[in-house]
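K.L.:
So that you have it, the file is my_file-v5.csv, and it contains CSV, C-alpha atoms:
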chain,number,residue,atom,x,y,z
Q,1,MET,CA,35.1,85.4,41.3
Q,2,ALA,CA,37.2,84.2,44.2
Q,3,ALA,CA,40.6,82.8,43.5
Q,4,PRO,CA,41.2,79.3,44.7
Q,5,SER,CA,42.8,79.2,48.1
Q,6,ALA,CA,46.2,77.7,48.5
Q,7,PRO,CA,46.6,74.5,50.5
Q,8,ALA,CA,47.4,75.0,54.1
Q,9,VAL,CA,51.1,74.8,55.0
Q,10,GLY,CA,52.0,71.7,57.0
Q,11,HIS,CA,49.1,69.6,55.9
Q,12,LYS,CA,49.4,66.7,53.5
Q,13,ALA,CA,47.0,66.4,50.6
Q,14,VAL,CA,44.5,63.6,51.0
Q,15,HIS,CA,44.0,61.5,47.9
Q,16,ALA,CA,41.1,59.2,47.4
Q,17,PRO,CA,42.2,55.5,46.9
Q,18,ALA,CA,42.6,54.7,43.3
Q,19,ALA,CA,39.8,52.5,42.0
Q,20,GLY,CA,40.9,49.1,40.8
Q,21,PRO,CA,40.5,48.0,37.3
Q,22,PRO,CA,37.1,46.9,36.2
Q,23,GLY,CA,36.2,43.4,37.3
Q,24,THR,CA,38.5,43.3,40.4
Q,25,SER,CA,35.7,42.9,42.9
Q,26,ARG,CA,34.2,40.2,40.6
Q,27,LEU,CA,37.5,38.4,40.6
Q,28,ARG,CA,37.8,38.6,44.4
Q,29,ARG,CA,34.3,37.2,44.8
Q,30,GLY,CA,35.2,34.4,42.4
Q,31,GLN,CA,38.3,33.6,44.5
Q,32,ARG,CA,36.3,33.5,47.7
Q,33,ARG,CA,33.8,31.1,46.0
Q,34,THR,CA,36.6,28.9,44.8
Q,35,ALA,CA,38.2,28.9,48.3
Q,36,ALA,CA,34.8,28.0,49.9
Q,37,LEU,CA,34.4,25.2,47.4
Q,38,PHE,CA,37.5,23.5,48.7
Q,39,ILE,CA,37.0,24.4,52.4
Q,40,VAL,CA,33.4,23.6,52.9
Q,41,PRO,CA,33.7,19.8,52.2
Q,42,PHE,CA,36.3,19.6,55.0
Q,43,PHE,CA,34.1,21.3,57.5
Q,44,VAL,CA,31.2,19.2,56.5
Q,45,LEU,CA,33.2,16.0,57.0
Q,46,PHE,CA,34.7,17.3,60.2
Q,47,ALA,CA,31.2,18.0,61.6
Q,48,VAL,CA,29.9,14.6,60.5
Q,49,VAL,CA,32.8,12.4,61.7
Q,50,MET,CA,34.0,14.4,64.7
Q,51,VAL,CA,31.7,17.0,66.1
Q,52,ALA,CA,28.4,15.0,65.7
Q,53,PRO,CA,29.8,11.8,67.3
Q,54,ILE,CA,31.4,13.7,70.2
Q,55,GLY,CA,28.1,15.6,70.8
Q,56,TYR,CA,26.1,12.4,70.7
Q,57,ALA,CA,28.5,10.8,73.1
Q,58,VAL,CA,28.1,13.7,75.5
Q,59,TRP,CA,24.4,13.4,75.3
Q,60,MET,CA,24.4,9.7,75.9
Q,61,SER,CA,26.7,10.0,78.9
Q,62,LEU,CA,24.1,12.1,80.6
Q,63,PHE,CA,21.3,9.5,80.4
Q,64,GLU,CA,20.9,5.9,81.6
Q,65,GLU,CA,18.4,3.1,80.9
Q,66,ARG,CA,16.1,2.3,83.8
Q,67,SER,CA,13.5,-0.5,84.1
Q,68,SER,CA,9.9,0.7,84.3
Q,69,GLY,CA,7.3,-0.7,86.7
Q,70,LEU,CA,8.5,-3.7,88.7
Q,71,GLY,CA,11.0,-4.9,86.2
Q,72,PHE,CA,8.4,-6.6,84.0
Q,73,GLY,CA,8.1,-3.8,81.5
Q,74,GLY,CA,10.6,-2.3,79.2
Q,75,THR,CA,13.3,0.3,79.8
Q,76,GLU,CA,13.1,4.0,79.6
Q,77,ARG,CA,15.9,6.6,79.2
Q,78,ALA,CA,16.2,8.9,82.2
Q,79,PHE,CA,18.5,11.8,82.8
Q,80,ALA,CA,21.4,10.8,85.1
Q,81,GLY,CA,23.6,13.9,85.1
Q,82,LEU,CA,27.1,12.9,86.0
Q,83,ALA,CA,26.1,9.5,87.5
Q,84,ASN,CA,27.7,7.6,84.6
Q,85,TYR,CA,31.0,9.4,85.1
Q,86,THR,CA,30.9,8.6,88.8
Q,87,LYS,CA,30.0,5.0,88.0
Q,88,ALA,CA,32.9,4.6,85.6
Q,89,LEU,CA,35.4,6.2,88.0
Q,90,SER,CA,34.2,4.1,90.9
Q,91,ASP,CA,34.8,0.9,88.9
Q,92,ALA,CA,38.1,-0.7,90.0
Q,93,GLY,CA,38.6,-2.3,86.6
Q,94,PHE,CA,38.3,1.1,84.8
Q,95,ARG,CA,40.9,2.7,87.2
Q,96,ASP,CA,43.2,-0.3,86.9
Q,97,SER,CA,43.1,-0.1,83.1
Q,98,PHE,CA,44.8,3.3,83.3
Q,99,VAL,CA,47.6,1.8,85.4
Q,100,HIS,CA,48.0,-1.0,82.8
Q,101,ILE,CA,48.2,1.6,80.0
Q,102,ALA,CA,50.8,3.6,82.0
Q,103,LEU,CA,53.0,0.5,82.4
Q,104,TYR,CA,52.5,-0.3,78.7
Q,105,CYS,CA,53.4,3.2,77.6
Q,106,ALA,CA,56.5,3.3,79.8
Q,107,VAL,CA,57.9,0.3,77.9
Q,108,TYR,CA,56.3,0.8,74.4
Q,109,ILE,CA,57.0,4.5,73.8
Q,110,PRO,CA,60.8,4.4,74.4
Q,111,VAL,CA,61.1,1.2,72.4
Q,112,MET,CA,59.1,2.6,69.6
Q,113,ILE,CA,60.7,6.0,69.3
Q,114,GLY,CA,64.2,4.8,70.1
Q,115,GLY,CA,64.0,1.9,67.6
Q,116,SER,CA,62.4,4.0,64.8
Q,117,LEU,CA,65.0,6.8,65.3
Q,118,ALA,CA,67.9,4.3,65.3
Q,119,LEU,CA,66.7,2.6,62.1
Q,120,ALA,CA,66.2,5.9,60.4
Q,121,LEU,CA,69.7,7.1,61.4
Q,122,LEU,CA,71.2,3.8,60.1
Q,123,VAL,CA,69.4,4.0,56.8
Q,124,ASP,CA,70.4,7.6,56.4
Q,125,SER,CA,74.1,7.0,57.2
Q,126,ALA,CA,76.7,7.3,54.5
Q,127,LEU,CA,77.7,3.7,54.9
Q,128,ALA,CA,74.2,2.3,54.3
Q,129,ARG,CA,73.6,0.5,51.0
Q,130,ALA,CA,70.3,-0.4,49.3
Q,131,LYS,CA,68.4,2.3,51.1
Q,132,ARG,CA,65.3,1.9,49.0
Q,133,PHE,CA,65.1,-1.8,49.8
Q,134,PHE,CA,65.5,-1.3,53.6
Q,135,GLN,CA,62.9,1.5,53.6
Q,136,LEU,CA,60.4,-0.8,51.9
Q,137,ALA,CA,61.3,-3.8,54.0
Q,138,LEU,CA,61.0,-1.9,57.2
Q,139,PHE,CA,57.7,-0.3,56.2
Q,140,LEU,CA,56.1,-3.5,54.9
Q,141,PRO,CA,54.8,-4.7,58.3
Q,142,HIS,CA,52.7,-1.5,58.6
Q,143,ALA,CA,51.0,-2.4,55.3
Q,144,ILE,CA,49.6,-5.5,57.0
Q,145,PRO,CA,46.2,-4.9,58.7
Q,146,GLY,CA,46.5,-4.8,62.5
Q,147,LEU,CA,44.2,-7.7,63.1
Q,148,ILE,CA,46.1,-9.9,60.6
Q,149,ALA,CA,49.4,-8.9,62.2
Q,150,SER,CA,48.1,-9.7,65.6
Q,151,ILE,CA,46.9,-13.2,64.5
Q,152,ILE,CA,50.3,-13.9,62.9
Q,153,TRP,CA,52.1,-13.1,66.2
Q,154,ILE,CA,49.6,-15.0,68.2
Q,155,TYR,CA,50.5,-18.0,66.1
Q,156,LEU,CA,54.2,-17.4,66.8
Q,157,TYR,CA,53.4,-17.1,70.5
Q,158,THR,CA,51.4,-20.3,70.8
Q,159,PRO,CA,53.1,-23.5,72.1
Q,160,GLY,CA,52.9,-26.4,69.7
Q,161,LEU,CA,52.5,-24.1,66.7
Q,162,SER,CA,55.3,-21.6,67.1
Q,163,PRO,CA,58.6,-22.4,65.3
Q,164,VAL,CA,60.2,-19.7,67.5
Q,165,LEU,CA,59.3,-21.7,70.7
Q,166,ASP,CA,60.5,-24.9,68.9
Q,167,LEU,CA,63.8,-23.2,68.2
Q,168,ILE,CA,64.2,-22.1,71.8
Q,169,GLY,CA,63.3,-25.5,73.0
Q,170,SER,CA,65.9,-27.1,70.7
Q,171,PHE,CA,68.6,-25.2,72.7
Q,172,GLY,CA,67.2,-26.4,76.0
Q,173,GLY,CA,65.4,-23.1,76.8
Q,174,SER,CA,61.8,-22.3,77.5
Q,175,TRP,CA,59.7,-19.2,77.1
Q,176,ASP,CA,56.0,-18.4,77.8
Q,177,PHE,CA,54.8,-15.4,75.9
Q,178,TYR,CA,51.5,-15.4,77.8
Q,179,SER,CA,52.9,-15.6,81.3
Q,180,ASN,CA,52.5,-12.6,83.7
Q,181,ASP,CA,56.2,-11.8,83.4
Q,182,HIS,CA,56.3,-11.8,79.6
Q,183,VAL,CA,52.9,-10.8,78.3
Q,184,LEU,CA,53.6,-7.1,78.4
Q,185,LEU,CA,56.7,-7.5,76.4
Q,186,SER,CA,54.8,-9.7,74.0
Q,187,MET,CA,52.3,-7.0,73.5
Q,188,VAL,CA,55.0,-4.3,73.0
Q,189,ASN,CA,56.8,-6.5,70.5
Q,190,LEU,CA,53.5,-7.0,68.5
Q,191,CYS,CA,52.7,-3.3,68.3
Q,192,ALA,CA,56.3,-2.2,67.7
Q,193,TRP,CA,56.7,-4.6,64.8
Q,194,GLN,CA,53.8,-3.1,63.0
Q,195,TRP,CA,54.4,0.6,63.7
Q,196,MET,CA,58.2,1.0,63.9
Q,197,GLY,CA,58.7,1.0,60.2
Q,198,TYR,CA,56.0,3.7,59.7
Q,199,ASN,CA,57.7,6.0,62.2
Q,200,MET,CA,61.1,5.2,60.7
Q,201,VAL,CA,59.8,6.6,57.4
Q,202,ILE,CA,58.8,9.8,59.1
Q,203,PHE,CA,62.2,10.2,60.7
Q,204,TYR,CA,64.0,9.3,57.5
Q,205,ALA,CA,62.0,11.9,55.5
Q,206,ALA,CA,62.9,14.5,58.1
Q,207,LEU,CA,66.6,13.5,57.9
Q,208,GLN,CA,66.6,14.1,54.2
Q,209,ALA,CA,65.9,17.8,54.9
Q,210,VAL,CA,69.0,18.2,57.0
Q,211,PRO,CA,71.5,20.3,55.0
Q,212,ARG,CA,74.4,18.1,53.9
Q,213,GLU,CA,76.7,21.0,54.4
Q,214,VAL,CA,76.1,20.8,58.1
Q,215,ILE,CA,76.9,17.1,58.2
Q,216,GLU,CA,80.1,17.7,56.1
Q,217,ALA,CA,81.1,20.5,58.5
Q,218,ALA,CA,80.7,18.3,61.5
Q,219,THR,CA,82.8,15.6,59.8
Q,220,VAL,CA,85.5,18.1,59.0
Q,221,ASP,CA,85.6,19.2,62.6
Q,222,GLY,CA,86.3,15.6,63.7
Q,223,ALA,CA,82.8,14.5,64.8
Q,224,GLY,CA,82.3,10.8,64.3
Q,225,ALA,CA,79.2,9.2,62.9
Q,226,PHE,CA,77.7,8.5,66.3
Q,227,ARG,CA,78.3,12.0,67.6
Q,228,THR,CA,77.0,13.5,64.4
Q,229,ALA,CA,73.8,11.5,64.6
Q,230,LEU,CA,73.0,12.4,68.2
Q,231,GLN,CA,74.2,16.0,68.4
Q,232,ILE,CA,73.6,17.2,64.8
Q,233,LYS,CA,70.9,15.2,63.1
Q,234,VAL,CA,68.5,14.4,66.0
Q,235,PRO,CA,68.2,18.1,67.2
Q,236,MET,CA,67.6,19.2,63.6
Q,237,ILE,CA,64.6,16.9,63.3
Q,238,ALA,CA,63.1,17.7,66.7
Q,239,SER,CA,59.8,18.7,65.2
Q,240,ALA,CA,59.4,15.3,63.6
Q,241,VAL,CA,60.4,13.6,66.9
Q,242,VAL,CA,57.8,15.6,68.9
Q,243,MET,CA,55.1,14.9,66.3
Q,244,THR,CA,55.8,11.1,66.4
Q,245,VAL,CA,55.9,11.0,70.2
Q,246,LEU,CA,52.5,12.7,70.2
Q,247,PHE,CA,50.9,10.3,67.8
Q,248,THR,CA,52.5,7.3,69.6
Q,249,CYS,CA,51.1,8.4,73.0
Q,250,VAL,CA,47.6,9.0,71.6
Q,251,GLY,CA,47.7,5.7,69.8
Q,252,ALA,CA,49.0,3.8,72.8
Q,253,ILE,CA,46.2,4.7,75.1
Q,254,GLN,CA,43.7,3.4,72.6
Q,255,ILE,CA,45.2,-0.1,72.3
Q,256,PHE,CA,42.4,-2.7,71.8
Q,257,THR,CA,43.1,-5.5,69.3
Q,258,GLU,CA,46.3,-6.8,70.9
Q,259,PRO,CA,45.1,-7.2,74.5
Q,260,LYS,CA,41.8,-8.5,73.2
Q,261,LEU,CA,43.5,-11.4,71.3
Q,262,LEU,CA,45.9,-12.1,74.1
Q,263,ASN,CA,42.9,-12.3,76.5
Q,264,GLN,CA,41.2,-14.8,74.1
Q,265,ARG,CA,44.3,-16.9,74.0
Q,266,GLY,CA,44.3,-17.3,77.8
Q,267,ALA,CA,46.9,-14.8,79.0
Q,268,PRO,CA,46.2,-14.8,82.7
Q,269,SER,CA,47.0,-11.1,83.4
Q,270,ILE,CA,45.0,-9.8,80.5
Q,271,ASP,CA,41.4,-9.6,81.5
Q,272,THR,CA,38.4,-8.2,79.7
Q,273,GLU,CA,39.0,-4.7,81.2
Q,274,TRP,CA,42.7,-4.6,80.8
Q,275,SER,CA,42.7,-1.3,78.8
Q,276,PRO,CA,40.2,1.6,78.8
Q,277,THR,CA,39.1,0.6,75.3
Q,278,LEU,CA,38.3,-2.9,76.5
Q,279,PHE,CA,36.4,-1.5,79.4
Q,280,ILE,CA,34.4,0.7,77.0
Q,281,TRP,CA,33.7,-2.3,74.7
Q,282,LYS,CA,32.5,-4.5,77.5
Q,283,ALA,CA,30.3,-1.7,79.0
Q,284,GLY,CA,28.7,-0.9,75.6
Q,285,PHE,CA,28.5,-4.1,73.7
Q,286,VAL,CA,28.4,-6.8,76.4
Q,287,GLN,CA,26.6,-5.1,79.3
Q,288,HIS,CA,24.7,-2.7,77.0
Q,289,ASP,CA,25.4,0.2,79.4
Q,290,TYR,CA,25.8,2.8,76.8
Q,291,GLY,CA,25.8,5.7,79.2
Q,292,THR,CA,28.8,4.4,81.1
Q,293,ALA,CA,30.5,3.5,77.9
Q,294,ALA,CA,30.0,7.0,76.5
Q,295,ALA,CA,31.2,8.6,79.8
Q,296,ALA,CA,34.4,6.4,79.8
Q,297,SER,CA,35.0,7.2,76.1
Q,298,LEU,CA,34.9,10.9,76.9
Q,299,MET,CA,37.3,10.6,79.8
Q,300,LEU,CA,39.7,8.6,77.6
Q,301,ALA,CA,39.4,11.4,75.0
Q,302,LEU,CA,40.2,13.9,77.7
Q,303,LEU,CA,43.3,12.0,78.6
Q,304,GLY,CA,44.3,12.1,75.0
Q,305,VAL,CA,43.9,15.9,75.0
Q,306,VAL,CA,45.9,16.3,78.2
Q,307,LEU,CA,48.7,14.0,76.8
Q,308,SER,CA,48.8,16.0,73.5
Q,309,TYR,CA,49.1,19.3,75.5
Q,310,LEU,CA,51.9,17.9,77.7
Q,311,VAL,CA,53.9,16.4,74.8
Q,312,THR,CA,53.6,19.5,72.7
Q,313,ARG,CA,54.6,21.7,75.7
Q,314,LEU,CA,57.6,19.6,76.6
Q,315,GLY,CA,58.5,19.2,72.9
Q,316,ASN,CA,58.5,23.0,72.4
Q,317,ARG,CA,60.8,23.4,75.4
Q,318,TRP,CA,63.2,20.8,74.0
Q,319,LYS,CA,63.2,22.4,70.6
Q,320,ALA,CA,63.9,25.8,72.1
Q,321,ALA,CA,66.8,24.4,74.1
Q,322,GLN,CA,68.5,23.1,71.0
Could you express the structure from this file as structure tokens?

P.N.:
Amino acid sequence: MAAPSAPAVGHKAVHAPAAGPPGTSRLRRGQRRTAALFIVPFFVLFAVVMVAPIGYAVWMSLFEERSSGLGFGGTERAFAGLANYTKALSDAGFRDSFVHIALYCAVYIPVMIGGSLALALLVDSALARAKRFFQLALFLPHAIPGLIASIIWIYLYTPGLSPVLDLIGSFGGSWDFYSNDHVLLSMVNLCAWQWMGYNMVIFYAALQAVPREVIEAATVDGAGAFRTALQIKVPMIASAVVMTVLFTCVGAIQIFTEPKLLNQRGAPSIDTEWSPTLFIWKAGFVQHDYGTAAAASLMLALLGVVLSYLVTRLGNRWKAAQ
């Protein structure tokens, strides 16, 4: 009988992986089923409310309604390719709407972000009192539905009804909220009033995560409250600032209710195609040109994607430089 051979020198013994306790594989399968139970509803809702509408919009943008016969018959849907995109881009009203939105964003975004950040820093300061009250008071306008808030401000903008205009008139002044020179500021004021408190809460929550030891060290080193706020607190909540700027930009290009109401009140510079969303509404629900409306909607969505990328990219550079 041959003796067992010794293991070769310089080679490590290979051991088979130890088998887990009985029921381990069953436990892992149960964990996967539990995870799927929570994940699947999200993907189903995402497909229903996001993927399906976008896919349907893409399909609609490639077709147009054409009259059959000599115009006495009905209409038929025909493949148009990129004709709807060309039609939207060749429309002067659609192109001008992006200019209007650019001007609006140039005023609205600095006012919104700067105002929200300033309010959050004031509420977070050591000298602030009744912080809970001011948080609730500043957030309360956001709890009012956007349409109701717009109607309230339209009332305050209307001559003969507005106590604000009456007060200005009592001092011998005058102001026209609907004039070409003031209507953009009126719109910015309306939107900022509703959303500034919401963004303030986001900034304030981020400021609560700033280590108090860092603030105390800055104070000991002789930094005043203003310098501490700008050079210590703001850089440490850079992620919240970038996120808020991103949401503000995407929301600003979709403005609809405010210019629509100002147009109905007779503001001369606010027409029915002032913003991209107004152009889309008019094309789809007034002119019943669903192909052009779908094409314009997709181009607006593409603008939102581009803005999101630019804001994120610039925000990451700013955070890296801190």

K.L.:
Just the number, please: distance in Å from CA of Gly55 in chain Q to CA of Thr248 in chain Q, one decimal.

P.N.:
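Calculated distance between CA of Gly55 in chain Q and CA of Thr248 in chain Q is 25.8 Å.
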
K.L.:
Counting only C-alpha atoms, figure out which residue out of Q:Ile202, Q:Leu307, Q:Leu37, Q:Ala229 gets nearest to Ser116 in chain Q.

P.N.:
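Smallest separation from Ser116 in chain Q among the options: Q:Ile202.
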
K.L.:
Looking at Q:Met243, Q:Ala283, Q:Val210, Q:Ala223, which one is nearest to Asn316 in chain Q, with distances taken over only C-alpha atoms?

P.N.:
Q:Met243

K.L.:
So what do you get for CA of Ser186 in chain Q versus CA of Pro259 in chain Q, distance-wise?

P.N.:
10.0 Å

K.L.:
Can you measure CA of Ile109 in chain Q to CA of Val241 in chain Q for me? One decimal in Å is fine.

P.N.:
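Spanning CA of Ile109 in chain Q to CA of Val241 in chain Q is a straight-line distance of 11.9 Å.
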
K.L.:
Tell me which of Q:Gln31, Q:Gln135, Q:Ser275, Q:Thr228 sits closest to Tyr104 in chain Q, counting all atoms listed in the file.

P.N.:
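Closest candidate: Q:Ser275.
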
K.L.:
When distances are computed from only C-alpha atoms, which of Q:Pro276, Q:Pro235, Q:Gly197, Q:Pro268 shows the smallest separation from Ala120 in chain Q?

P.N.:
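That would be Q:Gly197, the residue with the smallest distance to Ala120 in chain Q.
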
K.L.:
Counting all atoms listed in the file, find residues at most 9 Å from (24.4, 9.2, 78.8) (file frame) and give them as a count of residues only.

P.N.:
24

K.L.:
Could you tell me which of Q:Ala36, Q:Ala130, Q:Phe279, Q:Met196 comes closest to Gly114 in chain Q if we count all atoms listed in the file?

P.N.:
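Checking each candidate against Gly114 in chain Q, we get Q:Met196 as the closest.
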
K.L.:
Counting only C-alpha atoms, I want the residues whose atoms come within 8 Å of (59.8, 4.3, 55.7) in the file frame, returned as a PyMOL selection string.

P.N.:
chain Q and resi 135-136+138-139+197-202+204-205

K.L.:
Pick from Q:Ala320, Q:Val311, Q:Ala225, Q:Leu184: nearest to Ser269 in chain Q, with all atoms listed in the file counted?

P.N.:
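Among the listed residues, Q:Leu184 lies closest to Ser269 in chain Q.
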
K.L.:
If you count only C-alpha atoms, which residues fall within 9 Å of Val107 in chain Q, apart from same-chain ones fewer than 5 positions away, as a list in words?

P.N.:
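The contact residues come out as Ala102, Met112, Leu184, Leu185 and Val188 of chain Q.
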
K.L.:
Complete the atom set of range 152-171 of chain Q to N, CA and C atoms and return it as a PDB file, keeping the file's coordinate frame.

P.N.:
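Listing of out-v9.pdb after writing:
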ATOM      1  N   ILE Q 152      49.039 -13.267  63.296  1.00  0.00           N
ATOM      2  CA  ILE Q 152      50.300 -13.900  62.900  1.00  0.00           C
ATOM      3  C   ILE Q 152      51.199 -14.054  64.180  1.00  0.00           C
ATOM      4  N   TRP Q 153      51.256 -13.007  65.003  1.00  0.00           N
ATOM      5  CA  TRP Q 153      52.100 -13.100  66.200  1.00  0.00           C
ATOM      6  C   TRP Q 153      51.497 -13.996  67.246  1.00  0.00           C
ATOM      7  N   ILE Q 154      50.179 -14.049  67.330  1.00  0.00           N
ATOM      8  CA  ILE Q 154      49.600 -15.000  68.200  1.00  0.00           C
ATOM      9  C   ILE Q 154      49.951 -16.436  67.857  1.00  0.00           C
ATOM     10  N   TYR Q 155      50.010 -16.693  66.571  1.00  0.00           N
ATOM     11  CA  TYR Q 155      50.500 -18.000  66.100  1.00  0.00           C
ATOM     12  C   TYR Q 155      51.912 -18.261  66.529  1.00  0.00           C
ATOM     13  N   LEU Q 156      52.761 -17.230  66.425  1.00  0.00           N
ATOM     14  CA  LEU Q 156      54.200 -17.400  66.800  1.00  0.00           C
ATOM     15  C   LEU Q 156      54.342 -17.471  68.322  1.00  0.00           C
ATOM     16  N   TYR Q 157      53.331 -17.049  69.087  1.00  0.00           N
ATOM     17  CA  TYR Q 157      53.400 -17.100  70.500  1.00  0.00           C
ATOM     18  C   TYR Q 157      52.832 -18.414  71.112  1.00  0.00           C
ATOM     19  N   THR Q 158      52.105 -19.177  70.306  1.00  0.00           N
ATOM     20  CA  THR Q 158      51.400 -20.300  70.800  1.00  0.00           C
ATOM     21  C   THR Q 158      52.218 -21.585  70.861  1.00  0.00           C
ATOM     22  N   PRO Q 159      52.338 -22.218  72.029  1.00  0.00           N
ATOM     23  CA  PRO Q 159      53.100 -23.500  72.100  1.00  0.00           C
ATOM     24  C   PRO Q 159      52.509 -24.556  71.243  1.00  0.00           C
ATOM     25  N   GLY Q 160      53.369 -25.356  70.629  1.00  0.00           N
ATOM     26  CA  GLY Q 160      52.900 -26.400  69.700  1.00  0.00           C
ATOM     27  C   GLY Q 160      52.734 -25.973  68.316  1.00  0.00           C
ATOM     28  N   LEU Q 161      52.618 -24.667  68.091  1.00  0.00           N
ATOM     29  CA  LEU Q 161      52.500 -24.100  66.700  1.00  0.00           C
ATOM     30  C   LEU Q 161      53.652 -23.231  66.355  1.00  0.00           C
ATOM     31  N   SER Q 162      54.295 -22.626  67.335  1.00  0.00           N
ATOM     32  CA  SER Q 162      55.300 -21.600  67.100  1.00  0.00           C
ATOM     33  C   SER Q 162      56.661 -22.236  66.723  1.00  0.00           C
ATOM     34  N   PRO Q 163      57.212 -21.920  65.558  1.00  0.00           N
ATOM     35  CA  PRO Q 163      58.600 -22.400  65.300  1.00  0.00           C
ATOM     36  C   PRO Q 163      59.610 -21.645  66.142  1.00  0.00           C
ATOM     37  N   VAL Q 164      59.253 -20.453  66.639  1.00  0.00           N
ATOM     38  CA  VAL Q 164      60.200 -19.700  67.500  1.00  0.00           C
ATOM     39  C   VAL Q 164      60.351 -20.500  68.835  1.00  0.00           C
ATOM     40  N   LEU Q 165      59.238 -20.964  69.415  1.00  0.00           N
ATOM     41  CA  LEU Q 165      59.300 -21.700  70.700  1.00  0.00           C
ATOM     42  C   LEU Q 165      60.022 -23.070  70.425  1.00  0.00           C
ATOM     43  N   ASP Q 166      59.796 -23.655  69.253  1.00  0.00           N
ATOM     44  CA  ASP Q 166      60.500 -24.900  68.900  1.00  0.00           C
ATOM     45  C   ASP Q 166      62.000 -24.692  68.866  1.00  0.00           C
ATOM     46  N   LEU Q 167      62.397 -23.542  68.286  1.00  0.00           N
ATOM     47  CA  LEU Q 167      63.800 -23.200  68.200  1.00  0.00           C
ATOM     48  C   LEU Q 167      64.428 -23.004  69.566  1.00  0.00           C
ATOM     49  N   ILE Q 168      63.694 -22.292  70.418  1.00  0.00           N
ATOM     50  CA  ILE Q 168      64.200 -22.100  71.800  1.00  0.00           C
ATOM     51  C   ILE Q 168      64.287 -23.389  72.536  1.00  0.00           C
ATOM     52  N   GLY Q 169      63.289 -24.251  72.341  1.00  0.00           N
ATOM     53  CA  GLY Q 169      63.300 -25.500  73.000  1.00  0.00           C
ATOM     54  C   GLY Q 169      64.438 -26.429  72.540  1.00  0.00           C
ATOM     55  N   SER Q 170      64.833 -26.299  71.258  1.00  0.00           N
ATOM     56  CA  SER Q 170      65.900 -27.100  70.700  1.00  0.00           C
ATOM     57  C   SER Q 170      67.247 -26.810  71.407  1.00  0.00           C
ATOM     58  N   PHE Q 171      67.380 -25.613  71.979  1.00  0.00           N
ATOM     59  CA  PHE Q 171      68.600 -25.200  72.700  1.00  0.00           C
ATOM     60  C   PHE Q 171      68.435 -25.451  74.204  1.00  0.00           C
TER      61      PHE Q 171
END
